[in-house]
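Have a look at run_24.txt below; it lists compact mmCIF, N, CA and C atoms.
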# COMPACT_ATOMS: atom_id res chain seq x y z
N VAL A 1 -4.45 -127.39 150.23
CA VAL A 1 -4.42 -128.17 149.01
C VAL A 1 -5.74 -127.94 148.29
N LEU A 2 -5.64 -127.59 147.04
CA LEU A 2 -6.82 -127.35 146.22
C LEU A 2 -7.34 -128.67 145.65
N PRO A 3 -8.63 -128.79 145.49
CA PRO A 3 -9.17 -130.02 144.91
C PRO A 3 -8.80 -130.11 143.42
N PRO A 4 -8.71 -131.33 142.90
CA PRO A 4 -8.36 -131.49 141.48
C PRO A 4 -9.45 -130.90 140.58
N LEU A 5 -9.04 -130.45 139.40
CA LEU A 5 -9.96 -129.86 138.42
C LEU A 5 -10.33 -130.86 137.35
N ASN A 6 -11.50 -130.66 136.81
CA ASN A 6 -11.93 -131.47 135.67
C ASN A 6 -11.68 -130.62 134.42
N GLU A 7 -10.56 -130.87 133.76
CA GLU A 7 -10.18 -130.07 132.60
C GLU A 7 -11.06 -130.33 131.39
N GLU A 8 -11.75 -131.48 131.37
CA GLU A 8 -12.63 -131.80 130.24
C GLU A 8 -13.79 -130.83 130.12
N ILE A 9 -14.23 -130.28 131.25
CA ILE A 9 -15.35 -129.33 131.19
C ILE A 9 -14.88 -127.90 131.39
N GLY A 10 -13.56 -127.68 131.37
CA GLY A 10 -13.01 -126.34 131.42
C GLY A 10 -12.91 -125.71 132.81
N GLU A 11 -12.84 -126.54 133.83
CA GLU A 11 -12.68 -125.98 135.16
C GLU A 11 -11.28 -125.39 135.32
N GLY A 12 -11.18 -124.35 136.12
CA GLY A 12 -9.89 -123.74 136.35
C GLY A 12 -9.93 -122.85 137.58
N TYR A 13 -8.76 -122.50 138.05
CA TYR A 13 -8.63 -121.58 139.18
C TYR A 13 -8.19 -120.23 138.63
N TYR A 14 -8.75 -119.18 139.21
CA TYR A 14 -8.39 -117.83 138.80
C TYR A 14 -7.94 -117.06 140.02
N LEU A 15 -6.82 -116.40 139.91
CA LEU A 15 -6.30 -115.59 141.00
C LEU A 15 -6.69 -114.14 140.72
N MET A 16 -7.43 -113.56 141.67
CA MET A 16 -7.87 -112.19 141.51
C MET A 16 -7.30 -111.37 142.66
N SER A 17 -6.97 -110.15 142.41
CA SER A 17 -6.47 -109.28 143.46
C SER A 17 -7.20 -107.95 143.41
N PHE A 18 -7.13 -107.24 144.50
CA PHE A 18 -7.75 -105.93 144.56
C PHE A 18 -6.99 -105.10 145.57
N GLU A 19 -7.17 -103.81 145.49
CA GLU A 19 -6.58 -102.90 146.45
C GLU A 19 -7.66 -102.40 147.38
N HIS A 20 -7.29 -102.25 148.63
CA HIS A 20 -8.27 -101.83 149.63
C HIS A 20 -7.59 -100.87 150.60
N GLU A 21 -8.19 -99.74 150.81
CA GLU A 21 -7.69 -98.74 151.74
C GLU A 21 -8.78 -98.48 152.78
N ILE A 22 -8.35 -98.29 154.02
CA ILE A 22 -9.30 -97.87 155.05
C ILE A 22 -8.85 -96.51 155.59
N SER A 23 -9.80 -95.79 156.12
CA SER A 23 -9.51 -94.44 156.61
C SER A 23 -8.64 -94.51 157.87
N GLU A 24 -8.04 -93.38 158.20
CA GLU A 24 -7.21 -93.31 159.41
C GLU A 24 -8.05 -93.57 160.67
N ASN A 25 -9.28 -93.04 160.68
CA ASN A 25 -10.16 -93.30 161.83
C ASN A 25 -10.45 -94.79 161.97
N ASP A 26 -10.65 -95.49 160.85
CA ASP A 26 -10.88 -96.93 160.89
C ASP A 26 -9.64 -97.68 161.39
N LYS A 27 -8.46 -97.20 161.01
CA LYS A 27 -7.22 -97.83 161.50
C LYS A 27 -7.09 -97.63 163.01
N ILE A 28 -7.41 -96.43 163.48
CA ILE A 28 -7.35 -96.14 164.91
C ILE A 28 -8.39 -97.00 165.65
N ALA A 29 -9.59 -97.08 165.09
CA ALA A 29 -10.65 -97.89 165.71
C ALA A 29 -10.24 -99.36 165.77
N ARG A 30 -9.63 -99.86 164.72
CA ARG A 30 -9.16 -101.26 164.70
C ARG A 30 -8.11 -101.47 165.79
N PHE A 31 -7.17 -100.54 165.92
CA PHE A 31 -6.14 -100.65 166.96
C PHE A 31 -6.77 -100.64 168.35
N LEU A 32 -7.68 -99.69 168.60
CA LEU A 32 -8.30 -99.59 169.92
C LEU A 32 -9.18 -100.80 170.23
N ASN A 33 -9.84 -101.35 169.23
CA ASN A 33 -10.65 -102.55 169.46
C ASN A 33 -9.78 -103.73 169.87
N ARG A 34 -8.58 -103.80 169.34
CA ARG A 34 -7.67 -104.88 169.70
C ARG A 34 -6.99 -104.63 171.05
N ALA A 35 -6.79 -103.37 171.41
CA ALA A 35 -6.04 -103.03 172.62
C ALA A 35 -6.93 -102.82 173.85
N THR A 36 -8.24 -102.70 173.65
CA THR A 36 -9.15 -102.41 174.76
C THR A 36 -10.34 -103.35 174.68
N PHE A 37 -11.37 -103.08 175.48
CA PHE A 37 -12.61 -103.84 175.42
C PHE A 37 -13.54 -103.32 174.33
N GLY A 38 -13.06 -102.42 173.49
CA GLY A 38 -13.86 -101.85 172.42
C GLY A 38 -13.73 -100.34 172.41
N ALA A 39 -13.63 -99.81 171.23
CA ALA A 39 -13.42 -98.36 171.09
C ALA A 39 -14.76 -97.63 171.04
N THR A 40 -14.79 -96.48 171.68
CA THR A 40 -15.95 -95.59 171.55
C THR A 40 -15.57 -94.49 170.57
N ARG A 41 -16.55 -93.79 170.07
CA ARG A 41 -16.30 -92.68 169.14
C ARG A 41 -15.41 -91.63 169.81
N ALA A 42 -15.66 -91.36 171.10
CA ALA A 42 -14.86 -90.36 171.82
C ALA A 42 -13.40 -90.79 171.90
N GLU A 43 -13.14 -92.07 172.15
CA GLU A 43 -11.76 -92.55 172.22
C GLU A 43 -11.06 -92.44 170.87
N ILE A 44 -11.80 -92.71 169.81
CA ILE A 44 -11.22 -92.59 168.47
C ILE A 44 -10.90 -91.13 168.17
N ASP A 45 -11.84 -90.25 168.50
CA ASP A 45 -11.64 -88.82 168.23
C ASP A 45 -10.53 -88.22 169.10
N ASN A 46 -10.30 -88.78 170.30
CA ASN A 46 -9.29 -88.25 171.21
C ASN A 46 -7.96 -88.98 171.13
N PHE A 47 -7.77 -89.78 170.11
CA PHE A 47 -6.50 -90.48 169.95
C PHE A 47 -5.40 -89.42 169.80
N PRO A 48 -4.18 -89.67 170.36
CA PRO A 48 -3.14 -88.62 170.40
C PRO A 48 -2.79 -88.01 169.05
N THR A 49 -2.89 -88.76 167.99
CA THR A 49 -2.59 -88.21 166.66
C THR A 49 -3.72 -88.55 165.71
N SER A 50 -3.77 -87.86 164.60
CA SER A 50 -4.83 -88.14 163.63
C SER A 50 -4.46 -89.29 162.70
N LYS A 51 -3.24 -89.78 162.80
CA LYS A 51 -2.77 -90.87 161.95
C LYS A 51 -2.15 -91.95 162.84
N LEU A 52 -2.52 -93.20 162.61
CA LEU A 52 -1.99 -94.31 163.39
C LEU A 52 -0.62 -94.70 162.86
N THR A 53 0.38 -94.57 163.71
CA THR A 53 1.74 -95.00 163.38
C THR A 53 2.23 -95.87 164.52
N THR A 54 3.38 -96.50 164.32
CA THR A 54 3.97 -97.28 165.40
C THR A 54 4.24 -96.40 166.61
N GLU A 55 4.72 -95.18 166.35
CA GLU A 55 5.02 -94.27 167.43
C GLU A 55 3.76 -93.82 168.18
N SER A 56 2.69 -93.50 167.44
CA SER A 56 1.46 -93.05 168.11
C SER A 56 0.83 -94.19 168.90
N ALA A 57 0.92 -95.41 168.39
CA ALA A 57 0.40 -96.57 169.13
C ALA A 57 1.22 -96.78 170.40
N ALA A 58 2.55 -96.69 170.29
CA ALA A 58 3.41 -96.84 171.47
C ALA A 58 3.14 -95.74 172.49
N GLN A 59 2.91 -94.51 172.01
CA GLN A 59 2.60 -93.39 172.89
C GLN A 59 1.30 -93.66 173.64
N TRP A 60 0.28 -94.14 172.94
CA TRP A 60 -1.00 -94.44 173.56
C TRP A 60 -0.84 -95.55 174.60
N ILE A 61 -0.11 -96.60 174.28
CA ILE A 61 0.10 -97.71 175.22
C ILE A 61 0.84 -97.21 176.46
N GLN A 62 1.86 -96.39 176.27
CA GLN A 62 2.60 -95.85 177.41
C GLN A 62 1.69 -94.99 178.29
N PHE A 63 0.82 -94.20 177.67
CA PHE A 63 -0.13 -93.39 178.42
C PHE A 63 -1.04 -94.29 179.27
N GLN A 64 -1.49 -95.41 178.71
CA GLN A 64 -2.34 -96.34 179.45
C GLN A 64 -1.59 -96.95 180.62
N ILE A 65 -0.33 -97.28 180.42
CA ILE A 65 0.49 -97.85 181.49
C ILE A 65 0.70 -96.84 182.60
N ASP A 66 0.87 -95.57 182.25
CA ASP A 66 1.12 -94.52 183.23
C ASP A 66 -0.13 -94.10 184.02
N GLU A 67 -1.31 -94.46 183.53
CA GLU A 67 -2.55 -94.13 184.24
C GLU A 67 -2.59 -94.86 185.58
N PRO A 68 -3.22 -94.27 186.62
CA PRO A 68 -3.37 -95.00 187.88
C PRO A 68 -4.20 -96.26 187.66
N SER A 69 -3.80 -97.34 188.30
CA SER A 69 -4.53 -98.60 188.10
C SER A 69 -5.87 -98.55 188.81
N THR A 70 -6.83 -99.23 188.23
CA THR A 70 -8.16 -99.34 188.81
C THR A 70 -8.50 -100.81 188.96
N SER A 71 -9.51 -101.09 189.73
CA SER A 71 -9.88 -102.48 190.00
C SER A 71 -11.18 -102.81 189.31
N HIS A 72 -11.13 -103.75 188.40
CA HIS A 72 -12.36 -104.24 187.78
C HIS A 72 -13.21 -104.94 188.84
N ARG A 73 -12.55 -105.57 189.79
CA ARG A 73 -13.26 -106.26 190.86
C ARG A 73 -14.11 -105.29 191.67
N ALA A 74 -13.57 -104.12 192.00
CA ALA A 74 -14.33 -103.12 192.77
C ALA A 74 -15.54 -102.65 191.98
N TRP A 75 -15.37 -102.41 190.68
CA TRP A 75 -16.48 -101.99 189.82
C TRP A 75 -17.54 -103.08 189.79
N PHE A 76 -17.10 -104.34 189.66
CA PHE A 76 -18.01 -105.47 189.57
C PHE A 76 -18.77 -105.67 190.88
N ARG A 77 -18.06 -105.60 192.00
CA ARG A 77 -18.71 -105.80 193.30
C ARG A 77 -19.75 -104.73 193.59
N LYS A 78 -19.49 -103.51 193.14
CA LYS A 78 -20.45 -102.43 193.37
C LYS A 78 -21.78 -102.72 192.68
N ARG A 79 -21.75 -103.46 191.58
CA ARG A 79 -22.94 -103.70 190.78
C ARG A 79 -23.49 -105.12 190.93
N LEU A 80 -22.84 -105.93 191.74
CA LEU A 80 -23.23 -107.33 191.87
C LEU A 80 -24.19 -107.53 193.03
N ASN A 81 -25.18 -108.33 192.81
CA ASN A 81 -26.07 -108.77 193.87
C ASN A 81 -26.02 -110.30 193.82
N ALA A 82 -25.10 -110.87 194.57
CA ALA A 82 -24.85 -112.31 194.50
C ALA A 82 -26.06 -113.12 194.95
N ARG A 83 -26.22 -114.27 194.35
CA ARG A 83 -27.31 -115.17 194.75
C ARG A 83 -26.96 -115.80 196.09
N SER A 84 -27.96 -115.94 196.91
CA SER A 84 -27.75 -116.55 198.22
C SER A 84 -28.09 -118.02 198.16
N THR A 85 -27.36 -118.82 198.89
CA THR A 85 -27.67 -120.24 199.00
C THR A 85 -28.57 -120.50 200.21
N ARG A 86 -28.83 -119.46 200.98
CA ARG A 86 -29.68 -119.57 202.16
C ARG A 86 -30.94 -118.72 201.99
N PRO A 87 -32.13 -119.32 202.15
CA PRO A 87 -33.37 -118.57 201.94
C PRO A 87 -33.66 -117.55 203.04
N ASP A 88 -32.96 -117.61 204.18
CA ASP A 88 -33.26 -116.70 205.27
C ASP A 88 -32.50 -115.38 205.18
N ILE A 89 -31.62 -115.24 204.19
CA ILE A 89 -30.85 -114.01 204.03
C ILE A 89 -31.65 -113.02 203.19
N LYS A 90 -31.74 -111.81 203.68
CA LYS A 90 -32.45 -110.76 202.94
C LYS A 90 -31.50 -110.10 201.95
N PHE A 91 -31.99 -109.86 200.75
CA PHE A 91 -31.18 -109.23 199.72
C PHE A 91 -31.36 -107.72 199.75
N ILE A 92 -30.30 -107.01 199.49
CA ILE A 92 -30.33 -105.56 199.36
C ILE A 92 -29.62 -105.26 198.05
N PRO A 93 -30.10 -104.47 197.17
CA PRO A 93 -31.28 -103.62 197.24
C PRO A 93 -32.58 -104.40 197.08
N ASP A 94 -33.68 -103.76 197.47
CA ASP A 94 -34.96 -104.46 197.49
C ASP A 94 -35.96 -103.92 196.47
N HIS A 95 -35.49 -103.20 195.49
CA HIS A 95 -36.39 -102.68 194.46
C HIS A 95 -35.80 -103.00 193.09
N PRO A 96 -36.64 -103.41 192.12
CA PRO A 96 -36.11 -103.80 190.80
C PRO A 96 -35.32 -102.72 190.09
N CYS A 97 -35.55 -101.46 190.41
CA CYS A 97 -34.86 -100.38 189.72
C CYS A 97 -33.53 -99.99 190.36
N HIS A 98 -33.22 -100.53 191.53
CA HIS A 98 -31.98 -100.19 192.20
C HIS A 98 -30.79 -100.88 191.52
N ILE A 99 -29.63 -100.25 191.58
CA ILE A 99 -28.42 -100.82 191.01
C ILE A 99 -28.12 -102.14 191.71
N GLY A 100 -27.80 -103.16 190.92
CA GLY A 100 -27.42 -104.45 191.48
C GLY A 100 -28.57 -105.35 191.84
N SER A 101 -29.81 -104.94 191.56
CA SER A 101 -30.94 -105.80 191.93
C SER A 101 -31.05 -106.97 190.97
N ARG A 102 -31.55 -108.05 191.47
CA ARG A 102 -31.74 -109.26 190.66
C ARG A 102 -33.11 -109.83 191.01
N TRP A 103 -33.96 -109.97 190.00
CA TRP A 103 -35.32 -110.40 190.24
C TRP A 103 -35.68 -111.54 189.30
N ARG A 104 -36.62 -112.35 189.75
CA ARG A 104 -37.12 -113.47 188.94
C ARG A 104 -38.59 -113.23 188.64
N ARG A 105 -39.09 -113.95 187.63
CA ARG A 105 -40.51 -113.86 187.31
C ARG A 105 -41.30 -114.93 188.05
N TYR A 106 -40.67 -115.72 188.89
CA TYR A 106 -41.36 -116.76 189.61
C TYR A 106 -40.95 -116.72 191.08
N THR A 107 -41.75 -117.38 191.91
CA THR A 107 -41.54 -117.30 193.35
C THR A 107 -40.59 -118.35 193.87
N PHE A 108 -40.79 -119.60 193.47
CA PHE A 108 -39.98 -120.70 193.95
C PHE A 108 -39.27 -121.37 192.77
N SER A 109 -38.18 -122.03 193.06
CA SER A 109 -37.47 -122.76 192.01
C SER A 109 -37.34 -124.22 192.38
N LYS A 110 -36.77 -125.03 191.49
CA LYS A 110 -36.58 -126.45 191.76
C LYS A 110 -35.70 -126.67 192.98
N LYS A 111 -34.78 -125.73 193.24
CA LYS A 111 -33.88 -125.88 194.38
C LYS A 111 -34.63 -125.82 195.71
N ASP A 112 -35.86 -125.29 195.70
CA ASP A 112 -36.64 -125.24 196.93
C ASP A 112 -37.12 -126.62 197.34
N GLY A 113 -37.23 -127.53 196.38
CA GLY A 113 -37.64 -128.91 196.69
C GLY A 113 -39.04 -128.96 197.26
N HIS A 114 -39.31 -130.01 198.04
CA HIS A 114 -40.62 -130.17 198.68
C HIS A 114 -40.53 -129.55 200.06
N GLN A 115 -40.85 -128.27 200.16
CA GLN A 115 -40.74 -127.56 201.42
C GLN A 115 -42.08 -126.92 201.77
N TRP A 116 -42.20 -126.54 203.02
CA TRP A 116 -43.40 -125.90 203.52
C TRP A 116 -43.08 -124.49 203.98
N TRP A 117 -43.97 -123.56 203.69
CA TRP A 117 -43.85 -122.20 204.20
C TRP A 117 -45.16 -121.82 204.87
N ASN A 118 -45.08 -121.12 205.96
CA ASN A 118 -46.26 -120.65 206.66
C ASN A 118 -46.28 -119.13 206.54
N THR A 119 -47.29 -118.60 205.85
CA THR A 119 -47.37 -117.17 205.61
C THR A 119 -48.70 -116.66 206.15
N GLU A 120 -48.65 -115.93 207.24
CA GLU A 120 -49.84 -115.34 207.85
C GLU A 120 -50.94 -116.39 208.04
N GLY A 121 -50.57 -117.52 208.62
CA GLY A 121 -51.56 -118.55 208.92
C GLY A 121 -51.90 -119.44 207.74
N ARG A 122 -51.36 -119.18 206.56
CA ARG A 122 -51.62 -120.02 205.39
C ARG A 122 -50.37 -120.82 205.09
N THR A 123 -50.53 -122.08 204.80
CA THR A 123 -49.40 -122.95 204.52
C THR A 123 -49.27 -123.17 203.03
N ILE A 124 -48.04 -123.08 202.53
CA ILE A 124 -47.77 -123.31 201.11
C ILE A 124 -46.85 -124.51 201.01
N ARG A 125 -47.23 -125.50 200.22
CA ARG A 125 -46.37 -126.66 199.99
C ARG A 125 -45.86 -126.58 198.56
N VAL A 126 -44.53 -126.69 198.38
CA VAL A 126 -43.92 -126.63 197.06
C VAL A 126 -43.65 -128.06 196.60
N SER A 127 -44.19 -128.42 195.45
CA SER A 127 -43.91 -129.74 194.87
C SER A 127 -43.99 -129.62 193.36
N GLY A 128 -43.45 -130.59 192.66
CA GLY A 128 -43.44 -130.54 191.20
C GLY A 128 -42.15 -129.97 190.68
N ASP A 129 -42.12 -129.67 189.37
CA ASP A 129 -40.90 -129.26 188.71
C ASP A 129 -40.71 -127.77 188.60
N GLY A 130 -41.74 -126.94 188.83
CA GLY A 130 -41.58 -125.49 188.80
C GLY A 130 -41.17 -124.99 187.43
N PRO A 131 -40.93 -123.69 187.23
CA PRO A 131 -40.99 -122.64 188.25
C PRO A 131 -42.41 -122.43 188.76
N TYR A 132 -42.53 -121.88 189.94
CA TYR A 132 -43.80 -121.74 190.62
C TYR A 132 -44.18 -120.27 190.70
N VAL A 133 -45.41 -119.97 190.33
CA VAL A 133 -45.91 -118.59 190.41
C VAL A 133 -47.12 -118.59 191.31
N ILE A 134 -47.14 -117.66 192.26
CA ILE A 134 -48.28 -117.58 193.19
C ILE A 134 -49.06 -116.31 192.89
Just give me the structure as C-alpha cells.
Amino acid sequence: VLPPLNEEIGEGYYLMSFEHEISENDKIARFLNRATFGATRAEIDNFPTSKLTTESAAQWIQFQIDEPSTSHRAWFRKRLNARSTRPDIKFIPDHPCHIGSRWRRYTFSKKDGHQWWNTEGRTIRVSGDGPYVI
C-alpha cells in the first residue's frame, strides 16, 4: 500500500521502466552460485554450453548427480583440530603452520578457574578474569 499523496503541493507517483540484459557468462555464474557453494571462473568457463538454457542447466545437474559422492565430513575432519575439554590431552599437530592447528594468543582462559600448575619447581596460580599471558 502506497502512502497518500499531498496533491496541493503536486506530489505524485511515477512509474519508470528500463531494459536490462546480462551476459551469458553472468547468467551461468548466477545459476552456479544458486546451485553450488559459489562459482569459480574455471567452473563458469567449463560450463557444458556457452549459453544457459533449461536443457544445459538440466544437463549440468544430471552430471553432478552422476558424479561419485564425496563426504564433506571427511574433508572437515581432515582439517579439524577439535578443542579438548581435558587439559591433559596433547594436541596434534603441534606447530602453528601445520594443517588443522589451532592456537591462542594467551596461555590460560577463564575455564581454567583458580588452579595451580607446577612447572619445573615453579608454581603458577591462575586467578582473575583472564585471558592470561605469561
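Our summary of the geometry notes that atom C of A:Pro48 is positioned 26.4 Å from atom CA of A:Ser71.
As for atom CA of A:Phe37 and atom CA of A:Ser69, they are spaced 15.9 Å apart.
Considering only C-alpha atoms, the residue among A:Pro68, A:Lys51, A:Phe18, A:Asn25 positioned nearest to A:Ala39 is A:Asn25.
If you look at atom N of A:Phe31 and atom N of A:Glu19, they are 20.7 Å away from each other.
The residue that comes closest to A:Ser23, out of A:Asp45, A:Leu52, A:Pro4, A:Trp60 and on the basis of all atoms listed in the file, is A:Leu52.
Those residues of stretch 7-50 of chain A that DSSP, working from the backbone, places in helix (DSSP H, G or I) are Glu7, Glu8, Ile9, Glu24, Asn25, Asp26, Lys27, Ile28, Ala29, Arg30, Phe31, Leu32, Asn33, Arg34, Ala35, Arg41, Ala42, Glu43, Ile44 and Asp45 of chain A.
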Worksheet item: Residues at most 10 Å from A:Ile44, counting only C-alpha atoms, excluding those fewer than 2 positions away in the same chain, as a ChimeraX atom specification?
Response: /A:24-32,39-42,46-50
